[in-house]
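Enquirer: Just so it is clear, I am handing over upload_5.tsv, which has TSV, C-alpha atoms and all ligand atoms.
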chain	number	residue	atom	x	y	z
A	288	MET	CA	-6.24	14.13	-3.33
A	289	ARG	CA	-9.92	13.35	-2.77
A	290	SER	CA	-11.51	10.95	-5.28
A	291	ILE	CA	-14.62	12.26	-6.97
A	292	LEU	CA	-16.08	8.74	-6.76
A	293	GLY	CA	-16.79	9.28	-3.06
A	294	ILE	CA	-18.77	12.48	-3.62
A	295	ASN	CA	-22.49	11.93	-4.08
A	296	SER	CA	-24.36	13.88	-6.73
A	297	GLU	CA	-25.97	16.34	-4.25
A	298	GLU	CA	-22.61	17.25	-2.76
A	299	LEU	CA	-21.04	17.58	-6.20
A	300	ARG	CA	-23.92	19.76	-7.30
A	301	ASP	CA	-23.38	22.07	-4.30
A	302	ILE	CA	-19.65	22.28	-5.00
A	303	LEU	CA	-20.26	23.19	-8.65
A	304	ILE	CA	-22.98	25.75	-7.87
A	305	GLU	CA	-20.70	27.43	-5.34
A	306	LYS	CA	-18.07	27.75	-8.08
A	307	GLY	CA	-20.66	29.24	-10.46
A	308	TYR	CA	-21.33	26.20	-12.67
A	309	GLU	CA	-24.72	24.88	-13.78
A	310	PRO	CA	-26.20	21.86	-11.91
A	311	TYR	CA	-26.48	19.83	-15.16
A	312	ARG	CA	-22.68	19.60	-15.20
A	313	VAL	CA	-22.99	16.95	-12.49
A	314	ARG	CA	-24.75	14.56	-14.90
A	315	GLN	CA	-22.13	15.26	-17.56
A	316	ILE	CA	-19.27	14.47	-15.18
A	317	LEU	CA	-20.94	11.28	-13.94
A	318	GLU	CA	-21.59	10.16	-17.53
A	319	TRP	CA	-17.91	10.56	-18.36
A	320	ILE	CA	-16.96	8.46	-15.37
A	321	TYR	CA	-19.69	5.82	-15.14
A	322	ASP	CA	-20.71	5.45	-18.80
A	323	LYS	CA	-17.40	6.10	-20.54
A	324	ALA	CA	-14.89	5.19	-17.80
A	325	VAL	CA	-12.83	8.30	-18.49
A	326	LEU	CA	-10.17	8.75	-15.83
A	327	ASP	CA	-8.88	12.18	-16.74
A	328	PHE	CA	-10.91	15.39	-16.24
A	329	TYR	CA	-9.07	17.07	-19.15
A	330	SER	CA	-10.59	14.51	-21.54
A	331	MET	CA	-14.17	15.45	-20.56
A	332	SER	CA	-14.58	17.48	-23.70
A	333	ASN	CA	-18.06	18.94	-23.13
A	334	LEU	CA	-17.02	20.61	-19.86
A	335	PRO	CA	-15.70	24.18	-19.91
A	336	LYS	CA	-11.92	24.40	-19.71
A	337	GLU	CA	-12.02	26.23	-16.35
A	338	LEU	CA	-14.19	23.50	-14.85
A	339	ARG	CA	-11.79	20.83	-16.09
A	340	ASN	CA	-8.93	22.80	-14.51
A	341	PHE	CA	-10.86	23.14	-11.25
A	342	LEU	CA	-11.68	19.42	-11.10
A	343	SER	CA	-8.12	18.37	-11.96
A	344	SER	CA	-6.60	20.57	-9.30
A	345	ASN	CA	-8.96	19.45	-6.56
A	346	PHE	CA	-9.96	15.86	-7.25
A	347	SER	CA	-8.79	12.60	-8.74
A	348	VAL	CA	-11.07	10.06	-10.42
A	349	ILE	CA	-9.26	6.92	-9.28
A	350	PRO	CA	-7.83	7.03	-5.76
A	351	PHE	CA	-4.81	4.79	-6.52
A	352	ASP	CA	-2.10	4.19	-9.12
A	353	LEU	CA	-1.41	1.15	-11.22
A	354	ALA	CA	1.77	-0.39	-9.74
A	355	THR	CA	2.12	-3.33	-12.13
A	356	TYR	CA	0.06	-5.77	-14.16
A	357	ALA	CA	0.30	-9.14	-15.86
A	358	GLN	CA	-1.70	-10.40	-18.77
A	359	ASP	CA	-2.43	-13.52	-20.81
A	360	GLU	CA	-5.22	-14.39	-23.30
A	361	GLU	CA	-7.82	-14.99	-20.60
A	362	THR	CA	-6.80	-12.81	-17.69
A	363	ILE	CA	-5.43	-9.42	-16.75
A	364	LYS	CA	-4.22	-8.95	-13.22
A	365	PHE	CA	-3.63	-5.47	-11.81
A	366	VAL	CA	-1.69	-4.51	-8.71
A	367	PHE	CA	-2.66	-1.06	-7.44
A	368	LYS	CA	-0.77	1.23	-5.07
A	369	THR	CA	-2.83	3.32	-2.69
A	370	GLU	CA	-2.09	6.84	-1.44
A	371	ASP	CA	-0.85	5.34	1.84
A	372	ASN	CA	1.60	3.17	-0.15
A	373	LEU	CA	-0.19	-0.16	0.22
A	374	THR	CA	-0.95	-2.60	-2.58
A	375	PHE	CA	-3.92	-4.71	-3.60
A	376	GLU	CA	-5.14	-6.61	-6.67
A	377	SER	CA	-8.00	-6.92	-9.15
A	378	VAL	CA	-8.38	-9.49	-11.90
A	379	VAL	CA	-10.25	-9.23	-15.18
A	380	ILE	CA	-11.32	-12.60	-16.57
A	381	PHE	CA	-12.40	-13.12	-20.19
A	382	HIS	CA	-14.64	-16.13	-20.63
A	383	HIS	CA	-16.44	-16.63	-23.98
A	384	ASN	CA	-18.33	-13.35	-24.45
A	385	ARG	CA	-18.44	-12.43	-20.81
A	386	ILE	CA	-15.94	-10.23	-18.99
A	387	THR	CA	-15.87	-10.63	-15.21
A	388	LEU	CA	-14.08	-8.43	-12.73
A	389	CYS	CA	-12.82	-10.02	-9.54
A	390	LEU	CA	-12.66	-7.26	-6.92
A	391	SER	CA	-10.80	-6.92	-3.65
A	392	SER	CA	-12.53	-5.61	-0.54
A	393	GLN	CA	-9.56	-5.41	1.84
A	394	ILE	CA	-5.79	-4.95	1.73
A	395	GLY	CA	-4.58	-8.35	2.89
A	396	CYS	CA	-7.06	-10.42	4.85
A	397	PRO	CA	-7.56	-10.87	8.60
A	398	ILE	CA	-9.02	-14.38	8.19
A	399	GLY	CA	-5.52	-15.75	7.59
A	400	CYS	CA	-6.32	-19.00	5.74
A	401	LYS	CA	-3.20	-21.13	5.83
A	402	PHE	CA	-3.00	-21.85	2.08
A	403	CYS	CA	-3.80	-18.34	0.85
A	404	ALA	CA	-1.11	-15.75	0.00
A	405	THR	CA	-3.49	-12.88	0.83
A	406	GLY	CA	-4.06	-14.16	4.34
A	407	GLU	CA	-0.40	-13.64	5.27
A	408	SER	CA	-1.05	-10.03	6.29
A	409	PHE	CA	-3.82	-7.54	6.86
A	410	HIS	CA	-3.59	-3.73	6.61
A	411	ARG	CA	-7.04	-2.20	6.31
A	412	ASN	CA	-10.42	-2.21	4.58
A	413	LEU	CA	-10.60	-0.72	1.11
A	414	THR	CA	-12.66	2.46	0.96
A	415	TYR	CA	-15.81	2.69	-1.12
A	416	GLU	CA	-13.90	4.79	-3.67
A	417	GLU	CA	-11.15	2.17	-3.90
A	418	ILE	CA	-13.72	-0.57	-4.57
A	419	ILE	CA	-15.61	1.35	-7.27
A	420	GLY	CA	-12.28	2.66	-8.61
A	421	GLN	CA	-11.22	-0.92	-9.44
A	422	TYR	CA	-14.25	-1.24	-11.71
A	423	ILE	CA	-13.84	2.14	-13.43
A	424	PHE	CA	-10.13	1.51	-13.94
A	425	ALA	CA	-10.65	-2.01	-15.34
A	426	ARG	CA	-13.32	-0.81	-17.77
A	427	SER	CA	-11.14	2.02	-18.93
A	428	TYR	CA	-8.22	-0.39	-19.43
A	429	VAL	CA	-10.07	-3.13	-21.33
A	430	LYS	CA	-12.16	-0.57	-23.26
A	431	LYS	CA	-15.16	-2.87	-23.05
A	432	ASP	CA	-18.15	-3.06	-20.80
A	433	ILE	CA	-17.87	-5.33	-17.78
A	434	ARG	CA	-21.21	-6.76	-16.68
A	435	SER	CA	-20.19	-9.33	-14.14
A	436	ILE	CA	-18.66	-8.65	-10.71
A	437	VAL	CA	-17.34	-11.10	-8.15
A	438	PHE	CA	-16.05	-10.10	-4.72
A	439	MET	CA	-13.51	-12.91	-4.67
A	440	GLY	CA	-10.27	-10.96	-4.63
A	441	MET	CA	-8.31	-10.00	-1.55
A	442	GLY	CA	-10.17	-9.86	1.74
A	443	GLU	CA	-13.37	-10.97	3.40
A	444	PRO	CA	-16.14	-8.73	1.97
A	445	PHE	CA	-18.40	-9.06	5.03
A	446	LEU	CA	-15.69	-7.60	7.25
A	447	ASN	CA	-15.97	-4.45	5.12
A	448	GLU	CA	-19.72	-4.63	4.81
A	449	GLU	CA	-20.61	-0.93	4.71
A	450	ASN	CA	-18.30	-0.11	1.79
A	451	VAL	CA	-19.06	-3.34	-0.07
A	452	PHE	CA	-22.83	-2.83	0.21
A	453	ARG	CA	-22.51	0.81	-0.86
A	454	ALA	CA	-20.46	-0.30	-3.88
A	455	ILE	CA	-23.12	-2.91	-4.75
A	456	ASP	CA	-25.75	-0.13	-4.68
A	457	THR	CA	-23.64	1.86	-7.15
A	458	PHE	CA	-23.08	-1.14	-9.44
A	459	ILE	CA	-26.82	-1.72	-9.61
A	460	GLN	CA	-28.11	1.85	-9.68
A	461	GLU	CA	-25.42	3.88	-11.48
A	462	LEU	CA	-23.76	1.22	-13.59
A	463	ASN	CA	-26.89	-0.81	-14.41
A	464	ILE	CA	-25.31	-4.13	-13.58
A	465	SER	CA	-27.85	-6.82	-12.83
A	466	PRO	CA	-27.68	-7.91	-9.17
A	467	ARG	CA	-27.81	-11.48	-10.49
A	468	HIS	CA	-24.42	-10.85	-12.08
A	469	ILE	CA	-22.86	-9.80	-8.79
A	470	THR	CA	-21.47	-12.45	-6.44
A	471	VAL	CA	-20.14	-11.97	-2.93
A	472	SER	CA	-17.85	-14.71	-1.69
A	473	THR	CA	-17.42	-15.24	2.04
A	474	SER	CA	-15.38	-17.52	4.22
A	475	GLY	CA	-18.42	-17.66	6.50
A	476	ILE	CA	-19.47	-14.52	8.41
A	477	PRO	CA	-23.05	-15.31	9.51
A	478	ARG	CA	-24.12	-11.70	10.18
A	479	GLY	CA	-22.93	-10.62	6.72
A	480	ILE	CA	-24.72	-13.54	5.03
A	481	ILE	CA	-28.04	-12.55	6.62
A	482	ASN	CA	-27.53	-8.84	5.92
A	483	LEU	CA	-26.84	-9.59	2.25
A	484	ALA	CA	-30.07	-11.60	2.06
A	485	HIS	CA	-32.08	-8.66	3.43
A	486	LYS	CA	-30.33	-5.78	1.63
A	487	HIS	CA	-29.51	-7.37	-1.71
A	488	PRO	CA	-31.62	-10.52	-2.09
A	489	LYS	CA	-30.85	-10.89	-5.80
A	490	VAL	CA	-27.08	-10.71	-5.37
A	491	ARG	CA	-25.48	-14.16	-5.44
A	492	LEU	CA	-23.65	-15.71	-2.53
A	493	ALA	CA	-20.60	-17.98	-2.67
A	494	PHE	CA	-19.32	-19.75	0.41
A	495	SER	CA	-15.66	-20.66	0.39
A	496	LEU	CA	-14.95	-23.84	2.30
A	497	TRP	CA	-11.58	-25.55	2.72
A	498	THR	CA	-12.88	-28.70	4.39
A	499	PRO	CA	-16.14	-30.13	5.73
A	500	ASP	CA	-14.23	-31.53	8.71
A	501	GLU	CA	-14.52	-29.09	11.62
A	502	ARG	CA	-11.30	-30.21	13.29
A	503	LYS	CA	-9.22	-29.89	10.11
A	504	ARG	CA	-10.90	-26.58	9.38
A	505	GLU	CA	-9.72	-25.15	12.69
A	506	GLY	CA	-6.14	-25.72	11.52
A	507	LEU	CA	-6.71	-24.24	8.07
A	508	VAL	CA	-8.94	-21.25	8.81
A	509	PRO	CA	-8.29	-19.34	12.05
A	510	LEU	CA	-11.82	-17.90	11.75
A	511	ALA	CA	-13.17	-21.42	12.22
A	512	ASN	CA	-12.57	-20.95	15.93
A	513	THR	CA	-15.05	-18.07	15.94
A	514	TYR	CA	-17.69	-19.40	13.56
A	515	LYS	CA	-18.32	-23.11	13.67
A	516	LEU	CA	-19.69	-24.79	10.56
A	517	GLU	CA	-22.97	-25.44	12.34
A	518	ILE	CA	-23.54	-21.70	12.89
A	519	ILE	CA	-22.54	-20.85	9.32
A	520	LEU	CA	-24.84	-23.54	7.98
A	521	ARG	CA	-27.75	-22.07	9.92
A	522	SER	CA	-27.12	-18.65	8.34
A	523	LEU	CA	-26.83	-20.21	4.85
A	524	LYS	CA	-30.22	-21.87	5.33
A	525	GLU	CA	-31.71	-18.56	6.46
A	526	TYR	CA	-30.16	-16.88	3.40
A	527	VAL	CA	-31.85	-19.44	1.15
A	528	SER	CA	-35.22	-19.08	2.85
A	529	ILE	CA	-35.12	-15.27	2.46
A	530	THR	CA	-33.78	-15.11	-1.11
A	531	GLY	CA	-34.69	-18.42	-2.74
A	532	ASN	CA	-31.20	-18.40	-4.28
A	533	ARG	CA	-28.93	-21.39	-4.57
A	534	ILE	CA	-25.49	-20.96	-3.04
A	535	SER	CA	-22.25	-21.81	-4.74
A	536	VAL	CA	-19.76	-23.60	-2.50
A	537	GLU	CA	-16.18	-22.84	-3.56
A	538	TYR	CA	-14.08	-25.85	-2.63
A	539	THR	CA	-10.34	-25.71	-3.31
A	540	LEU	CA	-8.75	-29.15	-3.41
A	541	LEU	CA	-5.64	-29.72	-1.32
A	542	LYS	CA	-3.88	-32.97	-2.01
A	543	GLY	CA	-3.96	-35.29	0.98
A	544	ILE	CA	-5.90	-32.79	3.08
A	545	ASN	CA	-9.42	-32.46	1.69
A	546	ASP	CA	-9.57	-34.42	-1.56
A	547	ASP	CA	-10.36	-38.02	-0.66
A	548	ILE	CA	-13.53	-40.08	-0.89
A	549	ASP	CA	-14.51	-39.37	2.73
A	550	ASP	CA	-14.25	-35.63	2.10
A	551	ALA	CA	-16.64	-35.85	-0.86
A	552	HIS	CA	-19.13	-37.83	1.25
A	553	ARG	CA	-18.87	-35.40	4.14
A	554	LEU	CA	-19.35	-32.42	1.83
A	555	VAL	CA	-22.54	-33.84	0.37
A	556	GLU	CA	-23.79	-34.83	3.83
A	557	LEU	CA	-23.06	-31.34	5.21
A	558	PHE	CA	-25.19	-29.67	2.55
A	559	LYS	CA	-27.80	-32.40	2.18
A	560	ASP	CA	-30.70	-30.04	2.90
A	561	VAL	CA	-29.21	-26.81	1.49
A	562	PRO	CA	-29.58	-25.97	-2.23
A	563	VAL	CA	-25.97	-25.62	-3.31
A	564	PHE	CA	-23.75	-26.47	-6.22
A	565	PHE	CA	-20.03	-27.08	-5.86
A	566	ASN	CA	-17.32	-25.20	-7.70
A	567	VAL	CA	-14.36	-27.48	-7.17
A	568	ILE	CA	-11.15	-25.52	-7.71
A	569	LEU	CA	-7.63	-26.71	-8.37
A	570	TYR	CA	-5.23	-25.25	-5.84
A	571	ASN	CA	-2.88	-22.60	-7.18
A	572	PRO	CA	0.15	-22.93	-4.85
A	573	LYS	CA	1.10	-19.71	-3.09
A	574	ASP	CA	4.81	-20.63	-2.95
A	575	ARG	CA	7.25	-23.53	-3.38
A	576	ASP	CA	6.38	-24.99	0.01
A	577	THR	CA	2.76	-25.50	-1.00
A	578	GLU	CA	3.45	-27.04	-4.47
A	579	ALA	CA	2.96	-30.53	-3.07
A	580	TYR	CA	-0.68	-29.80	-2.20
A	581	LYS	CA	-1.80	-29.57	-5.81
A	582	THR	CA	-4.34	-32.23	-6.74
A	583	SER	CA	-4.05	-33.44	-10.35
A	584	VAL	CA	-6.80	-32.70	-12.87
A	585	LYS	CA	-7.54	-36.42	-13.12
A	586	GLU	CA	-8.03	-36.76	-9.37
A	587	ALA	CA	-10.07	-33.57	-9.27
A	588	LEU	CA	-12.39	-34.87	-12.00
A	589	ARG	CA	-12.86	-38.07	-10.01
A	590	PHE	CA	-13.76	-35.98	-6.95
A	591	VAL	CA	-16.30	-33.98	-8.97
A	592	ASP	CA	-17.84	-37.15	-10.43
A	593	LEU	CA	-18.16	-38.61	-6.95
A	594	ILE	CA	-20.05	-35.55	-5.71
A	595	LYS	CA	-22.34	-35.77	-8.73
A	596	SER	CA	-22.97	-39.46	-8.12
A	597	LEU	CA	-23.99	-38.57	-4.57
A	598	GLY	CA	-26.70	-36.28	-5.94
A	599	LYS	CA	-25.21	-32.77	-5.94
A	600	GLU	CA	-24.27	-30.56	-8.86
A	601	ALA	CA	-20.52	-29.98	-9.16
A	602	TYR	CA	-18.10	-28.43	-11.63
A	603	LEU	CA	-14.35	-28.38	-11.89
A	604	ARG	CA	-13.10	-24.85	-12.19
A	605	ILE	CA	-9.64	-24.59	-13.68
A	606	SER	CA	-8.00	-21.54	-12.22
A	607	LYS	CA	-7.37	-18.96	-14.92
A	608	GLY	CA	-4.20	-16.95	-15.07
A	609	GLU	CA	-1.98	-19.43	-13.27
A	610	ARG	CA	0.93	-18.37	-15.43
A	611	ILE	CA	0.52	-14.76	-14.34
A	612	SER	CA	0.38	-15.42	-10.60
A	613	GLY	CA	-3.36	-15.82	-10.90
A	614	ALA	CA	-4.22	-17.02	-7.42
A	615	CYS	CA	-5.47	-14.51	-4.92
A	616	GLY	CA	-2.67	-12.27	-3.65
A	617	GLN	CA	0.19	-13.81	-5.64
A	618	LEU	CA	1.12	-11.04	-8.05
A	619	ARG	CA	0.86	-8.50	-5.27
A	620	THR	CA	3.14	-10.63	-3.06
A	621	ALA	CA	5.68	-10.89	-5.89
A	622	TYR	CA	5.49	-7.11	-6.40
A	623	GLU	CA	5.91	-6.44	-2.67
A	624	ARG	CA	8.96	-8.73	-2.54
A	625	SER	CA	10.54	-6.85	-5.44
A	626	ARG	CA	10.07	-3.42	-3.80
B	701	LIG	FE1	-8.99	-14.20	3.24
B	701	LIG	FE2	-10.21	-15.62	1.31
B	701	LIG	FE3	-7.54	-15.71	1.57
B	701	LIG	FE4	-9.07	-16.86	3.44
B	701	LIG	S1	-8.93	-17.45	1.28
B	701	LIG	S2	-7.28	-15.52	3.81
B	701	LIG	S3	-10.82	-15.47	3.47
B	701	LIG	S4	-8.76	-13.91	1.01
Would you encode the structure as structure tokens?
Expert:
Amino acid sequence: MRSILGINSEELRDILIEKGYEPYRVRQILEWIYDKAVLDFYSMSNLPKELRNFLSSNFSVIPFDLATYAQDEETIKFVFKTEDNLTFESVVIFHHNRITLCLSSQIGCPIGCKFCATGESFHRNLTYEEIIGQYIFARSYVKKDIRSIVFMGMGEPFLNEENVFRAIDTFIQELNISPRHITVSTSGIPRGIINLAHKHPKVRLAFSLWTPDERKREGLVPLANTYKLEIILRSLKEYVSITGNRISVEYTLLKGINDDIDDAHRLVELFKDVPVFFNVILYNPKDRDTEAYKTSVKEALRFVDLIKSLGKEAYLRISKGERISGACGQLRTAYERSR
């Protein structure tokens, strides 16, 4: 069934007029969805009963079902099942007074990073409706407003640029989310980085880097063979000159691979003339085979301190939701294995 999220207000207006309803009903419907996150047409109490019947028989609000979820005090992770029987994830993160939604942009990921569960397969891009649907669903579930969005879930957002950019427009224009509270995280697609700078200069950019060493990177990120660090770096500098924004570099520590003193020096050297800060992340193993690559908190703090002593800002980010398969793609993988 077609999701109403993909119908723009002009088209919806035409549909309603053709059925004999007043144009102001469009605003009412959109308010129920965008302002109140109501997922069921029958609950839209100021609409006539026949209109509710018509909408329910012809459209859905959310274009997927909730397959499973896991929850702890700081995190809720959802696995959704699409109409074509595929699954993907979203994560809601509670941090002090802020609620952040981590969105997926693809089902699986074609980049195929070696240490990422999501990268083990790729099916397709998420549609615009499926991206916005994650937000409406999450808000309806938590029954609180969500004012912070990060595209850090499954997939490479810049390989689904059209739908991601359209969703960003909706977040800003329909849902009144500040562009400064939206972050797009990329593994390094230069064209997408530049397009973001031009189309959404206030939206934040995160660059996810597994290692500053080009040769090691080729073994960890198949995409590295297409986009060398030098080319990505050039696009990051152009992004900064267009937007004036600092970039966050997401650096996941892998014991014995990218977490020694040389790596910290190389990282700082690589970004010496780019305004960045480092979010150093503890690896959340994707399976038993990768357990051994977990750097301890003590070693991670030493790594962060070293970066700081070399003149760059750095933070240690403890991955939330580890107990509930919090790393990208894990709960979905567990669900898929159980089906
Ligand atoms: Fe894709 Fe990101 Fe996983 Fe790499 S780390 S495979 S870019 S989702």
Enquirer: Which residue gives the smallest distance to ligand LIG 701 (chain B) among A:Pro444, A:Gly598, A:Gly399, A:Gly506, with all atoms listed in the file counted?
Expert: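 Closest candidate: A:Gly399.
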Enquirer: Give me, as a list in words, all polymer residues having an atom no more than 12 Å from A:Leu338, counting all atoms listed in the file and skipping those fewer than 4 positions away in the same chain.
Expert: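 The contact residues come out as Ile302, Leu303, Ile304, Lys306, Gly307, Tyr308, Glu309, Arg312, Val313, Gln315, Ile316, Phe328, Tyr329, Ser330, Met331, Ser332, Asn333, Leu334, Leu342, Ser343, Ser344, Asn345 and Phe346 of chain A.
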Enquirer: At a cut-off of 10 Å from (-9.9, 5.6, 2.5) in the coordinates of the file, what residues are picked up using all atoms listed in the file, written as a ChimeraX atom specification?
Expert: /A:289-290,293,350,369-371,411-417
Enquirer: Please tabulate, as CSV, the residues of chain A that come within 12 Å of ligand LIG 701 (chain B), each with its closest pair of atoms and the distance in Å to one decimal, counting all atoms listed in the file and ordering rows by chain, then residue number upward.
Expert:
residue,atom,partner,partner_atom,distance
A:Phe375,CA,B:LIG701,S4,11.4
A:Glu376,CA,B:LIG701,S4,11.2
A:Cys389,CA,B:LIG701,S4,12.0
A:Leu390,CA,B:LIG701,S4,11.1
A:Ser391,CA,B:LIG701,S4,8.6
A:Ser392,CA,B:LIG701,S4,9.2
A:Gln393,CA,B:LIG701,S4,8.6
A:Ile394,CA,B:LIG701,S4,9.5
A:Gly395,CA,B:LIG701,S4,7.2
A:Cys396,CA,B:LIG701,FE1,4.5
A:Pro397,CA,B:LIG701,FE1,6.5
A:Ile398,CA,B:LIG701,S2,4.8
A:Gly399,CA,B:LIG701,S2,4.2
A:Cys400,CA,B:LIG701,S2,4.1
A:Lys401,CA,B:LIG701,S2,7.2
A:Phe402,CA,B:LIG701,S1,7.4
A:Cys403,CA,B:LIG701,FE3,4.6
A:Ala404,CA,B:LIG701,FE3,6.6
A:Thr405,CA,B:LIG701,FE3,5.0
A:Gly406,CA,B:LIG701,S2,3.5
A:Glu407,CA,B:LIG701,S2,7.3
A:Ser408,CA,B:LIG701,S2,8.7
A:Phe409,CA,B:LIG701,FE1,9.2
A:Phe438,CA,B:LIG701,S4,10.0
A:Met439,CA,B:LIG701,FE2,7.3
A:Gly440,CA,B:LIG701,S4,6.5
A:Met441,CA,B:LIG701,S4,4.7
A:Gly442,CA,B:LIG701,S4,4.4
A:Glu443,CA,B:LIG701,S3,5.2
A:Pro444,CA,B:LIG701,S3,8.7
A:Phe445,CA,B:LIG701,S3,10.0
A:Leu446,CA,B:LIG701,S3,10.0
A:Val471,CA,B:LIG701,FE2,11.4
A:Ser472,CA,B:LIG701,FE2,8.3
A:Thr473,CA,B:LIG701,S3,6.8
A:Ser474,CA,B:LIG701,S3,5.1
A:Gly475,CA,B:LIG701,S3,8.5
A:Ile476,CA,B:LIG701,S3,10.0
A:Ala493,CA,B:LIG701,FE2,11.4
A:Phe494,CA,B:LIG701,S3,10.0
A:Ser495,CA,B:LIG701,FE2,7.5
A:Leu496,CA,B:LIG701,S1,8.8
A:Trp497,CA,B:LIG701,S1,8.6
A:Arg504,CA,B:LIG701,FE4,11.5
A:Leu507,CA,B:LIG701,FE4,9.0
A:Val508,CA,B:LIG701,FE4,6.9
A:Pro509,CA,B:LIG701,FE4,9.0
A:Leu510,CA,B:LIG701,S3,8.7
A:Ala511,CA,B:LIG701,FE4,10.7
A:Glu537,CA,B:LIG701,S1,10.2
A:Tyr538,CA,B:LIG701,S1,10.6
A:Thr539,CA,B:LIG701,S1,9.6
A:Tyr570,CA,B:LIG701,S1,11.2
A:Asn571,CA,B:LIG701,S1,11.6
A:Lys573,CA,B:LIG701,FE3,10.6
A:Ala614,CA,B:LIG701,FE3,9.7
A:Cys615,CA,B:LIG701,S4,6.8
A:Gly616,CA,B:LIG701,S4,7.8
A:Gln617,CA,B:LIG701,FE3,10.7
Enquirer: Given the point (-14.6, -39.1, 4.2) in the file's coordinates, find the residues that have an atom at most 12 Å from it, counting only C-alpha atoms, and give them as a VMD selection string.
Expert: chain A and resid 498 to 500 543 to 557 590 593 to 594
Enquirer: So how far away is atom CA of A:Leu523 from atom CA of A:Glu501, in Å?
Expert: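 Taking atom CA of A:Glu501 as the start and atom CA of A:Leu523 as the end point, the length is 16.6 Å.
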Enquirer: To one decimal place, how far is atom CA of A:Asn482 from atom CA of A:Asn512 in Å?
Expert: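 One can read the atom CA of A:Asn482 to atom CA of A:Asn512 distance as 21.7 Å.
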Enquirer: Give me, please, the distance in Å between atom CA of A:His410 and atom CA of A:Arg426, quoted to one decimal.
Expert: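 Computing it gives 26.4 Å between the two atoms.
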Enquirer: Counting all atoms listed in the file, what is within 12 Å of A:Val325, bar same-chain residues fewer than 2 positions away, as a ChimeraX atom specification?
Expert: /A:315-323,327-332,347-349,420,422-428,430
Enquirer: For those residues, write C-alpha atoms to a file as a tab-separated table (two decimals), in the coordinates of the input.
Expert:
chain	number	residue	atom	x	y	z
A	315	GLN	CA	-22.13	15.26	-17.56
A	316	ILE	CA	-19.27	14.47	-15.18
A	317	LEU	CA	-20.94	11.28	-13.94
A	318	GLU	CA	-21.59	10.16	-17.53
A	319	TRP	CA	-17.91	10.56	-18.36
A	320	ILE	CA	-16.96	8.46	-15.37
A	321	TYR	CA	-19.69	5.82	-15.14
A	322	ASP	CA	-20.71	5.45	-18.80
A	323	LYS	CA	-17.40	6.10	-20.54
A	327	ASP	CA	-8.88	12.18	-16.74
A	328	PHE	CA	-10.91	15.39	-16.24
A	329	TYR	CA	-9.07	17.07	-19.15
A	330	SER	CA	-10.59	14.51	-21.54
A	331	MET	CA	-14.17	15.45	-20.56
A	332	SER	CA	-14.58	17.48	-23.70
A	347	SER	CA	-8.79	12.60	-8.74
A	348	VAL	CA	-11.07	10.06	-10.42
A	349	ILE	CA	-9.26	6.92	-9.28
A	420	GLY	CA	-12.28	2.66	-8.61
A	422	TYR	CA	-14.25	-1.24	-11.71
A	423	ILE	CA	-13.84	2.14	-13.43
A	424	PHE	CA	-10.13	1.51	-13.94
A	425	ALA	CA	-10.65	-2.01	-15.34
A	426	ARG	CA	-13.32	-0.81	-17.77
A	427	SER	CA	-11.14	2.02	-18.93
A	428	TYR	CA	-8.22	-0.39	-19.43
A	430	LYS	CA	-12.16	-0.57	-23.26
Enquirer: Can you give me N, CA and C atoms for stretch 410-419 of chain A, written as a compact mmCIF listing (two decimals), in the coordinates of the input?
Expert:
# COMPACT_ATOMS: atom_id res chain seq x y z
N HIS A 410 -3.89 -5.15 6.34
CA HIS A 410 -3.59 -3.73 6.61
C HIS A 410 -4.84 -2.95 6.95
N ARG A 411 -5.82 -2.97 6.04
CA ARG A 411 -7.04 -2.20 6.31
C ARG A 411 -8.12 -2.57 5.29
N ASN A 412 -9.33 -2.07 5.56
CA ASN A 412 -10.42 -2.21 4.58
C ASN A 412 -10.17 -1.27 3.42
N LEU A 413 -10.61 -1.66 2.23
CA LEU A 413 -10.60 -0.72 1.11
C LEU A 413 -11.77 0.25 1.30
N THR A 414 -11.56 1.49 0.88
CA THR A 414 -12.66 2.46 0.96
C THR A 414 -13.66 2.17 -0.16
N TYR A 415 -14.81 2.80 -0.05
CA TYR A 415 -15.81 2.69 -1.12
C TYR A 415 -15.20 3.14 -2.46
N GLU A 416 -14.49 4.26 -2.44
CA GLU A 416 -13.90 4.79 -3.67
C GLU A 416 -12.89 3.80 -4.28
N GLU A 417 -12.15 3.13 -3.41
CA GLU A 417 -11.15 2.17 -3.90
C GLU A 417 -11.84 0.93 -4.50
N ILE A 418 -13.01 0.59 -3.99
CA ILE A 418 -13.72 -0.57 -4.57
C ILE A 418 -14.31 -0.19 -5.93
N ILE A 419 -15.03 0.93 -5.99
CA ILE A 419 -15.61 1.35 -7.27
C ILE A 419 -14.50 1.69 -8.27
